[in-house]
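*Asks:* Got coords17.tsv for you, TSV, C-alpha atoms:
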```
chain	number	residue	atom	x	y	z
S	30	MET	CA	27.30	-77.77	-14.75
S	31	ASP	CA	29.90	-77.06	-12.09
S	32	SER	CA	28.38	-75.55	-8.88
S	33	LYS	CA	31.11	-72.96	-8.89
S	34	ASP	CA	29.95	-71.82	-12.32
S	35	LEU	CA	26.30	-72.01	-11.25
S	36	PHE	CA	26.60	-69.75	-8.24
S	37	GLN	CA	29.43	-67.44	-9.36
S	38	SER	CA	28.49	-63.75	-8.84
S	39	THR	CA	27.94	-61.67	-11.93
S	40	ASP	CA	30.48	-58.91	-12.51
S	41	ILE	CA	28.91	-55.57	-13.37
S	42	SER	CA	30.63	-54.20	-16.42
S	43	ARG	CA	31.92	-50.67	-16.84
S	44	SER	CA	29.55	-50.10	-19.73
S	45	TRP	CA	26.60	-50.51	-17.38
S	46	TYR	CA	27.77	-47.47	-15.36
S	47	ARG	CA	28.00	-45.40	-18.49
S	48	SER	CA	24.44	-46.35	-19.37
S	49	CYS	CA	23.22	-45.19	-15.92
S	50	ALA	CA	23.89	-41.59	-16.83
S	51	LYS	CA	22.18	-41.94	-20.20
S	52	ASP	CA	19.08	-43.84	-19.28
S	53	ARG	CA	17.54	-43.44	-15.84
S	54	PHE	CA	15.00	-46.17	-16.48
S	55	GLN	CA	17.82	-48.66	-17.16
S	56	VAL	CA	19.39	-47.58	-13.87
S	57	MET	CA	16.17	-48.40	-12.03
S	58	TYR	CA	15.90	-51.83	-13.68
S	59	ASP	CA	19.52	-52.82	-13.06
S	60	HIS	CA	19.26	-51.53	-9.51
S	61	HIS	CA	16.28	-53.81	-8.97
S	62	GLN	CA	18.15	-56.79	-10.40
S	63	ALA	CA	21.19	-56.07	-8.26
S	64	GLN	CA	19.03	-56.01	-5.13
S	65	ARG	CA	17.57	-59.49	-5.74
S	66	PRO	CA	18.71	-62.07	-3.15
S	67	ARG	CA	21.69	-64.17	-4.23
S	68	VAL	CA	22.61	-67.63	-2.91
S	69	LYS	CA	26.21	-68.70	-2.68
S	70	ILE	CA	27.51	-72.01	-1.26
S	71	PHE	CA	30.67	-71.76	0.81
S	72	PRO	CA	32.89	-74.62	1.86
S	73	ALA	CA	32.30	-76.17	5.30
S	74	GLY	CA	34.03	-74.34	8.09
S	75	THR	CA	33.68	-70.92	6.53
S	76	HIS	CA	32.63	-68.43	9.26
S	77	HIS	CA	31.35	-65.56	7.10
S	78	ALA	CA	29.87	-64.95	3.69
S	79	ALA	CA	32.08	-63.22	1.17
S	80	MET	CA	30.80	-59.98	-0.50
S	81	PRO	CA	29.67	-60.65	-4.10
S	82	GLU	CA	32.28	-59.63	-6.63
S	83	GLY	CA	31.86	-55.99	-7.80
S	84	TYR	CA	29.27	-55.19	-5.10
S	85	ALA	CA	31.32	-52.45	-3.38
S	86	LYS	CA	31.92	-50.67	-6.67
S	87	PHE	CA	28.20	-50.92	-7.44
S	88	MET	CA	27.20	-49.30	-4.12
S	89	ILE	CA	29.66	-46.43	-4.61
S	90	ASN	CA	28.25	-45.71	-8.05
S	91	LYS	CA	24.69	-46.04	-6.76
S	92	ILE	CA	25.34	-43.40	-4.09
S	93	PHE	CA	26.93	-41.11	-6.69
S	94	VAL	CA	23.95	-41.38	-9.05
S	95	ILE	CA	21.44	-40.73	-6.26
S	96	ALA	CA	23.42	-37.72	-5.05
S	97	LEU	CA	23.60	-36.35	-8.60
S	98	LEU	CA	19.86	-36.76	-9.14
S	99	SER	CA	19.13	-35.16	-5.75
S	100	PHE	CA	21.27	-32.16	-6.65
S	101	PHE	CA	19.42	-31.55	-9.92
S	102	LEU	CA	16.00	-32.05	-8.27
S	103	PHE	CA	16.90	-29.55	-5.53
S	104	SER	CA	18.18	-27.02	-8.07
S	105	PHE	CA	14.99	-27.33	-10.11
S	106	SER	CA	12.83	-26.94	-7.02
S	107	ALA	CA	14.69	-23.79	-5.95
S	108	ALA	CA	14.38	-22.28	-9.41
S	109	ALA	CA	10.66	-23.02	-9.42
S	110	GLN	CA	10.05	-21.05	-6.20
S	111	PRO	CA	8.15	-17.77	-6.86
S	112	ALA	CA	10.05	-14.51	-6.48
S	113	LYS	CA	9.48	-12.66	-3.22
S	114	ALA	CA	6.51	-10.30	-3.53
S	115	PRO	CA	7.53	-6.60	-3.56
S	116	ARG	CA	6.71	-4.32	-0.65
S	117	ILE	CA	4.92	-1.01	-1.16
S	118	GLY	CA	5.53	1.60	1.49
S	119	VAL	CA	2.48	3.72	2.39
S	120	LEU	CA	2.95	7.10	4.06
S	121	LEU	CA	-0.09	8.81	5.59
S	122	GLN	CA	-1.24	10.91	8.51
S	123	GLY	CA	-4.11	8.65	9.51
S	124	GLY	CA	-7.78	9.61	9.63
S	125	PRO	CA	-9.80	9.31	6.40
S	126	TRP	CA	-6.64	8.63	4.38
S	127	TYR	CA	-7.13	4.97	5.30
S	128	ASP	CA	-10.06	5.00	2.87
S	129	ALA	CA	-7.55	5.72	0.11
S	130	VAL	CA	-5.49	2.70	1.22
S	131	ASP	CA	-8.60	0.50	0.98
S	132	GLY	CA	-9.23	1.92	-2.49
S	133	LEU	CA	-5.64	1.18	-3.49
S	134	ARG	CA	-6.00	-2.45	-2.42
S	135	GLN	CA	-9.20	-2.82	-4.41
S	136	GLY	CA	-7.75	-1.07	-7.45
S	137	LEU	CA	-4.72	-3.36	-7.47
S	138	LYS	CA	-6.95	-6.39	-7.01
S	139	ASP	CA	-8.94	-5.28	-10.06
S	140	LEU	CA	-5.62	-5.29	-11.92
S	141	GLY	CA	-4.85	-8.84	-10.79
S	142	LEU	CA	-2.60	-8.01	-7.83
S	143	GLU	CA	-3.67	-9.09	-4.35
S	144	ASP	CA	-2.25	-7.80	-1.08
S	145	GLY	CA	-0.32	-10.56	0.68
S	146	LYS	CA	0.29	-12.48	-2.55
S	147	GLN	CA	1.61	-10.35	-5.42
S	148	PHE	CA	2.60	-7.46	-3.10
S	149	PHE	CA	2.66	-6.39	0.53
S	150	LEU	CA	1.61	-3.00	1.90
S	151	ASP	CA	3.96	-1.59	4.54
S	152	ILE	CA	1.82	1.14	6.14
S	153	ARG	CA	3.51	3.89	8.14
S	154	ASP	CA	0.97	6.09	9.96
S	155	ALA	CA	2.60	9.25	11.27
S	156	LYS	CA	-0.57	10.07	13.28
S	157	GLY	CA	-0.33	13.77	12.53
S	158	ASP	CA	3.37	14.13	13.37
S	159	PRO	CA	5.42	15.73	10.54
S	160	LYS	CA	8.69	14.48	12.11
S	161	ALA	CA	7.38	10.93	12.04
S	162	VAL	CA	6.80	11.30	8.29
S	163	GLU	CA	10.49	12.14	7.78
S	164	GLU	CA	11.65	9.14	9.78
S	165	ALA	CA	9.20	6.76	8.10
S	166	ALA	CA	10.19	7.89	4.60
S	167	ARG	CA	13.89	7.40	5.32
S	168	ASN	CA	13.26	3.98	6.83
S	169	LEU	CA	11.20	2.84	3.88
S	170	GLU	CA	13.96	3.75	1.44
S	171	ARG	CA	16.57	2.12	3.65
S	172	ASP	CA	14.43	-1.02	3.85
S	173	LYS	CA	14.38	-1.08	0.02
S	174	VAL	CA	10.63	-1.11	-0.57
S	175	LYS	CA	9.74	-1.06	-4.26
S	176	LEU	CA	8.04	2.35	-4.07
S	177	ILE	CA	6.37	4.78	-1.68
S	178	TYR	CA	2.69	5.69	-1.94
S	179	ALA	CA	2.40	9.10	-0.26
S	180	LEU	CA	-0.96	10.62	0.71
S	181	ALA	CA	-1.47	14.41	1.15
S	182	THR	CA	0.67	17.13	-0.37
S	183	SER	CA	2.62	17.94	2.79
S	184	VAL	CA	3.52	14.25	3.18
S	185	VAL	CA	4.62	14.06	-0.46
S	186	ILE	CA	6.83	17.13	-0.07
S	187	THR	CA	8.54	15.64	2.98
S	188	ALA	CA	9.00	12.24	1.34
S	189	LYS	CA	10.66	13.83	-1.67
S	190	GLN	CA	12.97	15.95	0.48
S	191	VAL	CA	14.29	13.15	2.71
S	192	THR	CA	14.70	10.38	0.11
S	193	THR	CA	17.00	10.19	-2.89
S	194	ASP	CA	16.26	7.32	-5.26
S	195	ILE	CA	12.99	5.58	-4.44
S	196	PRO	CA	10.00	6.09	-6.80
S	197	ILE	CA	7.03	7.92	-5.23
S	198	VAL	CA	3.40	7.63	-6.31
S	199	PHE	CA	1.30	10.35	-4.72
S	200	ALA	CA	-2.21	11.58	-4.08
S	201	ALA	CA	-1.79	15.33	-3.69
S	202	GLY	CA	-4.54	17.84	-2.98
S	203	THR	CA	-2.55	20.82	-4.26
S	204	ASP	CA	-1.16	21.49	-7.74
S	205	PRO	CA	2.05	19.36	-7.80
S	206	VAL	CA	3.69	21.63	-10.40
S	207	ALA	CA	3.08	24.76	-8.33
S	208	MET	CA	4.47	22.97	-5.27
S	209	GLY	CA	7.65	21.99	-7.12
S	210	LEU	CA	7.02	18.26	-6.94
S	211	VAL	CA	7.12	17.66	-10.71
S	212	GLU	CA	8.05	19.53	-13.87
S	213	SER	CA	4.67	19.20	-15.58
S	214	PHE	CA	1.49	17.13	-15.59
S	215	ALA	CA	2.31	15.59	-18.97
S	216	LYS	CA	5.96	14.81	-18.17
S	217	PRO	CA	6.67	14.71	-14.42
S	218	GLY	CA	10.36	14.44	-15.22
S	219	GLY	CA	11.59	12.90	-11.95
S	220	ARG	CA	10.84	10.00	-9.65
S	221	LEU	CA	7.35	11.23	-8.65
S	222	THR	CA	3.98	10.83	-10.32
S	223	GLY	CA	0.41	10.16	-9.28
S	224	VAL	CA	-3.00	11.72	-8.83
S	225	HIS	CA	-3.93	15.36	-8.26
S	226	LEU	CA	-7.18	15.81	-6.33
S	227	LEU	CA	-8.93	19.13	-5.90
S	228	VAL	CA	-8.69	20.14	-2.26
S	229	THR	CA	-6.87	23.47	-2.00
S	230	ASP	CA	-8.32	24.72	-5.29
S	231	LEU	CA	-11.87	24.19	-3.99
S	232	THR	CA	-11.38	26.05	-0.71
S	233	ALA	CA	-13.32	29.16	-1.80
S	234	LYS	CA	-16.14	27.15	-3.40
S	235	ARG	CA	-16.41	24.98	-0.31
S	236	LEU	CA	-16.92	28.04	1.89
S	237	GLU	CA	-19.45	29.48	-0.52
S	238	ILE	CA	-21.53	26.28	-0.37
S	239	LEU	CA	-21.35	26.25	3.42
S	240	LYS	CA	-22.83	29.75	3.41
S	241	GLU	CA	-25.64	28.49	1.17
S	242	ILE	CA	-26.35	25.59	3.54
S	243	LEU	CA	-26.34	27.98	6.50
S	244	PRO	CA	-27.82	31.29	5.24
S	245	LYS	CA	-27.43	32.83	8.70
S	246	LEU	CA	-23.76	31.93	8.94
S	247	ARG	CA	-21.71	34.74	10.49
S	248	GLY	CA	-18.31	33.26	11.17
S	249	VAL	CA	-16.27	30.09	10.68
S	250	LEU	CA	-13.42	28.61	12.69
S	251	THR	CA	-10.43	26.81	11.18
S	252	PHE	CA	-7.34	25.09	12.58
S	253	TYR	CA	-4.05	24.67	10.75
S	254	ASN	CA	-0.30	24.52	11.20
S	255	PRO	CA	1.28	27.80	10.00
S	256	ALA	CA	4.50	25.89	9.19
S	257	ASN	CA	2.59	23.89	6.56
S	258	GLN	CA	2.85	25.81	3.29
S	259	VAL	CA	-0.15	23.97	1.83
S	260	ALA	CA	-2.27	24.94	4.84
S	261	LYS	CA	-1.11	28.56	4.62
S	262	GLN	CA	-2.16	28.69	0.99
S	263	GLY	CA	-5.57	27.21	1.81
S	264	ALA	CA	-6.07	29.62	4.71
S	265	SER	CA	-5.29	32.55	2.43
S	266	LEU	CA	-7.93	31.41	-0.06
S	267	GLY	CA	-10.45	30.92	2.74
S	268	ARG	CA	-9.70	34.31	4.19
S	269	GLU	CA	-10.29	36.05	0.86
S	270	GLU	CA	-13.56	34.21	0.24
S	271	ALA	CA	-14.80	34.93	3.77
S	272	LYS	CA	-14.17	38.61	3.18
S	273	ARG	CA	-16.14	38.47	-0.06
S	274	LEU	CA	-19.05	36.72	1.69
S	275	GLY	CA	-18.97	39.05	4.68
S	276	LEU	CA	-17.97	36.28	7.10
S	277	LYS	CA	-15.64	36.31	10.06
S	278	PHE	CA	-12.72	33.93	9.40
S	279	ILE	CA	-11.32	32.80	12.78
S	280	GLU	CA	-7.88	31.18	12.47
S	281	ARG	CA	-6.34	29.02	15.22
S	282	HIS	CA	-2.71	28.02	14.73
S	283	VAL	CA	-1.84	24.54	16.00
S	284	LYS	CA	1.63	23.10	15.47
S	285	SER	CA	0.94	19.58	16.74
S	286	VAL	CA	-1.82	17.11	17.45
S	287	ASP	CA	-1.53	17.90	21.16
S	288	GLU	CA	-2.08	21.62	20.50
S	289	LEU	CA	-5.08	20.80	18.32
S	290	ARG	CA	-6.63	18.61	20.99
S	291	GLN	CA	-6.06	21.31	23.59
S	292	ALA	CA	-7.74	23.88	21.32
S	293	LEU	CA	-10.74	21.59	20.90
S	294	ARG	CA	-11.05	21.09	24.65
S	295	THR	CA	-11.21	24.84	25.20
S	296	LEU	CA	-13.49	25.53	22.23
S	297	LYS	CA	-16.53	27.55	23.21
S	298	ALA	CA	-19.94	26.73	21.78
S	299	LYS	CA	-20.60	30.30	20.65
S	300	GLU	CA	-17.11	30.95	19.32
S	301	ALA	CA	-18.19	30.27	15.72
S	302	ASP	CA	-21.20	28.95	13.82
S	303	ALA	CA	-19.20	26.32	11.96
S	304	PHE	CA	-15.86	24.58	11.65
S	305	PHE	CA	-14.36	24.96	8.18
S	306	TYR	CA	-11.56	22.66	7.05
S	307	THR	CA	-8.37	24.28	5.79
S	308	PRO	CA	-6.19	21.76	3.93
S	309	ASP	CA	-3.82	20.34	6.57
S	310	ALA	CA	-3.07	16.60	6.83
S	311	MET	CA	-2.23	16.88	10.53
S	312	VAL	CA	-5.62	18.42	11.28
S	313	LEU	CA	-7.39	15.89	9.06
S	314	SER	CA	-5.83	13.05	11.07
S	315	GLN	CA	-8.04	14.22	13.96
S	316	ALA	CA	-11.20	14.62	11.87
S	317	GLN	CA	-13.34	12.30	13.99
S	318	LEU	CA	-12.41	14.16	17.18
S	319	ILE	CA	-13.28	17.47	15.50
S	320	ILE	CA	-16.65	16.09	14.36
S	321	ASP	CA	-17.52	14.70	17.79
S	322	THR	CA	-16.47	17.89	19.60
S	323	ALA	CA	-18.38	20.10	17.18
S	324	ARG	CA	-21.57	18.05	17.45
S	325	ALA	CA	-21.38	18.13	21.24
S	326	LYS	CA	-21.14	21.94	21.12
S	327	ARG	CA	-23.71	22.25	18.33
S	328	ILE	CA	-21.25	23.60	15.76
S	329	ALA	CA	-21.65	22.70	12.09
S	330	THR	CA	-18.72	21.12	10.22
S	331	MET	CA	-17.65	21.37	6.58
S	332	PHE	CA	-14.95	19.04	5.17
S	333	GLN	CA	-13.70	18.01	1.76
S	334	GLU	CA	-13.85	14.19	2.13
S	335	GLN	CA	-17.10	12.27	1.70
S	336	SER	CA	-16.62	9.52	4.29
S	337	LEU	CA	-16.52	12.14	7.07
S	338	VAL	CA	-20.14	13.06	6.39
S	339	VAL	CA	-21.13	9.45	7.01
S	340	LYS	CA	-19.20	9.73	10.29
S	341	GLY	CA	-21.20	12.75	11.45
S	342	ALA	CA	-19.97	15.90	9.68
S	343	LEU	CA	-22.71	18.20	8.36
S	344	ALA	CA	-21.38	18.40	4.81
S	345	SER	CA	-18.47	17.90	2.43
S	346	TYR	CA	-17.58	19.24	-0.98
S	347	GLY	CA	-14.81	17.30	-2.65
S	348	GLN	CA	-13.80	13.77	-3.56
S	349	SER	CA	-13.97	10.26	-2.23
S	350	TYR	CA	-10.57	9.18	-0.94
S	351	TYR	CA	-11.52	5.58	-1.66
S	352	GLU	CA	-11.87	6.42	-5.35
S	353	ILE	CA	-8.59	8.33	-5.23
S	354	GLY	CA	-6.91	5.16	-3.98
S	355	ARG	CA	-8.47	3.08	-6.75
S	356	LEU	CA	-7.24	5.55	-9.37
S	357	SER	CA	-3.75	5.51	-7.83
S	358	ALA	CA	-3.57	1.73	-8.27
S	359	LYS	CA	-2.77	1.95	-11.98
S	360	TYR	CA	0.28	4.12	-11.25
S	361	VAL	CA	1.49	1.71	-8.57
S	362	GLN	CA	0.99	-1.25	-10.90
S	363	LYS	CA	2.94	0.42	-13.70
S	364	VAL	CA	5.87	1.31	-11.43
S	365	LEU	CA	5.92	-2.25	-10.08
S	366	SER	CA	6.09	-3.44	-13.69
S	367	GLY	CA	9.16	-1.30	-14.36
S	368	ALA	CA	7.72	1.97	-15.70
S	369	ASN	CA	9.60	5.15	-14.84
S	370	PRO	CA	7.49	7.74	-12.93
S	371	ARG	CA	8.92	10.55	-15.05
S	372	ASP	CA	7.03	9.18	-18.07
S	373	LEU	CA	3.64	8.66	-16.36
S	374	ARG	CA	1.27	11.56	-16.96
S	375	ILE	CA	-0.35	12.97	-13.80
S	376	GLU	CA	-4.13	12.74	-13.74
S	377	THR	CA	-6.43	15.25	-12.03
S	378	PHE	CA	-9.38	13.63	-10.31
S	379	ASP	CA	-12.14	16.20	-10.75
S	380	ASP	CA	-15.18	14.11	-9.80
S	381	VAL	CA	-16.41	16.53	-7.12
S	382	GLU	CA	-19.57	15.87	-5.11
S	383	LEU	CA	-21.65	17.64	-2.48
S	384	VAL	CA	-22.69	15.37	0.39
S	385	ILE	CA	-25.04	16.43	3.21
S	386	ASN	CA	-25.97	14.64	6.44
S	387	LEU	CA	-29.60	15.43	7.31
S	388	LYS	CA	-29.37	13.53	10.58
S	389	THR	CA	-26.59	15.82	11.78
S	390	ALA	CA	-28.49	18.85	10.47
S	391	LYS	CA	-31.49	17.85	12.57
S	392	GLU	CA	-29.32	17.46	15.69
S	393	LEU	CA	-27.93	20.95	15.11
S	394	GLY	CA	-31.36	22.45	14.44
S	395	VAL	CA	-30.36	23.29	10.86
S	396	THR	CA	-32.82	23.29	7.97
S	397	VAL	CA	-30.97	22.86	4.70
S	398	PRO	CA	-32.54	25.02	1.97
S	399	PRO	CA	-34.40	22.89	-0.64
S	400	ASN	CA	-32.43	24.34	-3.55
S	401	VAL	CA	-29.15	23.29	-1.92
S	402	LEU	CA	-30.50	19.87	-1.00
S	403	ALA	CA	-31.57	19.35	-4.60
S	404	ARG	CA	-27.97	19.95	-5.74
S	405	ALA	CA	-26.51	17.41	-3.34
S	406	ASN	CA	-25.05	14.33	-4.98
S	407	LYS	CA	-25.56	12.26	-1.83
S	408	VAL	CA	-27.79	12.77	1.19
S	409	ILE	CA	-27.31	10.90	4.46
S	410	LYS	CA	-30.59	10.45	6.33
```
In structure tokens, what does this structure look like?
*Replies:*
Amino acid sequence: MDSKDLFQSTDISRSWYRSCAKDRFQVMYDHHQAQRPRVKIFPAGTHHAAMPEGYAKFMINKIFVIALLSFFLFSFSAAAQPAKAPRIGVLLQGGPWYDAVDGLRQGLKDLGLEDGKQFFLDIRDAKGDPKAVEEAARNLERDKVKLIYALATSVVITAKQVTTDIPIVFAAGTDPVAMGLVESFAKPGGRLTGVHLLVTDLTAKRLEILKEILPKLRGVLTFYNPANQVAKQGASLGREEAKRLGLKFIERHVKSVDELRQALRTLKAKEADAFFYTPDAMVLSQAQLIIDTARAKRIATMFQEQSLVVKGALASYGQSYYEIGRLSAKYVQKVLSGANPRDLRIETFDDVELVINLKTAKELGVTVPPNVLARANKVIK
């Protein structure tokens, strides 16, 4: 056999390139064969080895195939990436409302949604400042969060007024129909829905129970912002019940957190026998300061939220904000899934409990009547 025939380079046919696109395994095999070392004998005096015939065309096609495969692999990888988790804006005035946020997280987790994975909470704490609520609500809508979770009726009212399109899930302590937030409980009819908790409606009953805990009660002190229509309504109910019970109802108007703190600093020990909470989210944001000041001046305290009794208040008659948050989770989950708030029936959370702190009672020199203690759902010792 002639040496020229023996060592002649093999020409890669056009049909091989067509097969590359059809069968990737054939491409790999032929690529391997093409990469095997070849030996070619050149005449004496030749100063460089010639490129095997067809090799340049092979390399061009090899680069093309690799680039094509890389493009499809990249496209598949990008398509496989999970969608960005939605953000949920949370509007609150601080204080015990954070218990509702914890409840919301747990409720969503029970539904298979975990904070930081399937969603992110964007919490905006206005710290008792109504103006900050307006700014936060506008910013959340501008930042295109999926929905706003608004806590406290006054916060919900503001959020509705300053936004236009964003869905709002609320926890409101006052009748949302009476406040003009929705058309009805069964058919909210707009972009708001959520949970109604009994706060304002229980104002009179709460004062009645305080009088039972403290039979010698003569007068109660309350703080609220007169510009807050929810607080004005609650104060009116408290005033009427105090009159019925023969109690002095001392009202202190505070328009800001600073005014409230100043009023607490100048509070006199004998000014009233007890502090009585009138529904006002701004005042509630300073609940711990109110509790600490009242205990230092030996004044009893009556709130509506259970966790505040654990933190030193004498008593509460109302709901657990943590449970309110857990109940709200199903509304948030449904809106995230595409449900329209107008079709989600509003639920009233009416699981009301009386909680008494005997340790605080002892510090104040108060003996809770046995019949009242027997009615308490929870007793802190």
*Asks:* How far is it from CA of Asn257 in chain S to CA of Ala181 in chain S, in Å with one decimal?
*Replies:*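 Computing it gives 11.6 Å between the two atoms.
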*Asks:* Measuring between all atoms listed in the file, which one of S:Tyr350, S:Lys340, S:Lys234, S:Glu300 shows the shortest distance to Leu180 in chain S?
*Replies:*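 Selected residue with least distance to Leu180 in chain S: S:Tyr350.
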*Asks:* Measure the distance from CA of Ala292 in chain S to CA of Ile319 in chain S in Å and round it to one decimal.
*Replies:* 10.3 Å
*Asks:* S:Leu313, S:Leu387, S:Leu274, S:Ala298: which is nearest Ile409 in chain S, counting only C-alpha atoms?
*Replies:*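 Ranking S:Leu313, S:Leu387, S:Leu274, S:Ala298 by distance to Ile409 in chain S, first place goes to S:Leu387.
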*Asks:* Using all atoms listed in the file, can you tell me which of S:Val185, S:Leu133, S:Ile385, S:Val191 comes closest to Ala344 in chain S?
*Replies:* S:Ile385
*Asks:* Record the distance separating CA of Asn369 in chain S and CA of Asp194 in chain S, expressed in Å with one decimal.
*Replies:*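 Distance between the two atoms: 11.9 Å.
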*Asks:* Pick out the residues sitting within 12 Å of Ala403 in chain S, and hand them over as a PyMOL selection string; count all atoms listed in the file, and ignore anything fewer than 3 positions along from it in its own chain.
*Replies:* chain S and resi 242+383-385+397-400+406-408
*Asks:* Pick the closest to Asp302 in chain S from S:Glu212, S:Ala165, S:Gly267, S:Ile279: which is it, counting all atoms listed in the file?
*Replies:*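 Going through S:Glu212, S:Ala165, S:Gly267, S:Ile279 one by one, the smallest distance to Asp302 in chain S is for S:Ile279.
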*Asks:* Mind listing as a PyMOL selection string all residues within 10 Å of (-11.7, 37.6, 10.8), counting only C-alpha atoms?
*Replies:* chain S and resi 248-250+268+271-272+275-280
*Asks:* Nearest to Ser213 in chain S among S:Arg404, S:Arg167, S:Lys113, S:His225, with distances taken over only C-alpha atoms: which residue is it?
*Replies:*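 Smallest distance to Ser213 in chain S is found for S:His225.
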*Asks:* Kindly indicate which residue among S:Ser336, S:Gln315, S:Thr330, S:Thr182 lies nearest to Leu393 in chain S, using only C-alpha atoms for the distances.
*Replies:*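 Of all the options, S:Thr330 lies closest to Leu393 in chain S.
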*Asks:* From (-17.2, 28.6, 24.7), in the file's coordinates, out to 12 Å: which residues are reached, counting only C-alpha atoms? Answer as a PyMOL selection string.
*Replies:* chain S and resi 292-302+322-323+325-328
*Asks:* Leaving out Ile117 in chain S and any residue of its chain fewer than 4 positions from it, which residues lie within 10 Å of it when counting all atoms listed in the file, given as a compact mmCIF listing (two decimals) with C-alpha atoms, keeping the file's coordinate frame?
*Replies:*
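Output saved as out-v8.txt:
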```txt
# COMPACT_ATOMS: atom_id res chain seq x y z
CA ASP S 144 -2.25 -7.80 -1.08
CA PHE S 148 2.60 -7.46 -3.10
CA PHE S 149 2.66 -6.39 0.53
CA LEU S 150 1.61 -3.00 1.90
CA ASP S 151 3.96 -1.59 4.54
CA ILE S 152 1.82 1.14 6.14
CA LEU S 169 11.20 2.84 3.88
CA LYS S 173 14.38 -1.08 0.02
CA VAL S 174 10.63 -1.11 -0.57
CA LYS S 175 9.74 -1.06 -4.26
CA LEU S 176 8.04 2.35 -4.07
CA ILE S 177 6.37 4.78 -1.68
CA TYR S 178 2.69 5.69 -1.94
CA VAL S 361 1.49 1.71 -8.57
CA LEU S 365 5.92 -2.25 -10.08
```
*Asks:* Can you tell me, as a PyMOL selection string, what residues are no more than 12 Å from Lys363 in chain S when counting all atoms listed in the file, ignoring any on the same chain fewer than 6 positions away?
*Replies:* chain S and resi 137+140+142+175-176+196+198+222-223+357+369-374
*Asks:* Quick one: residues within 9 Å of Val184 in chain S, all atoms listed in the file, excluding same-chain residues fewer than 2 positions away - as a list in words?
*Replies:*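 Here the qualifying residues turn out to be Leu120, Leu121, Gln122, Pro159, Val162, Glu163, Ala179, Leu180, Ala181, Thr182, Ile186, Thr187, Ala188, Lys189, Ala201 and Ala310 of chain S.
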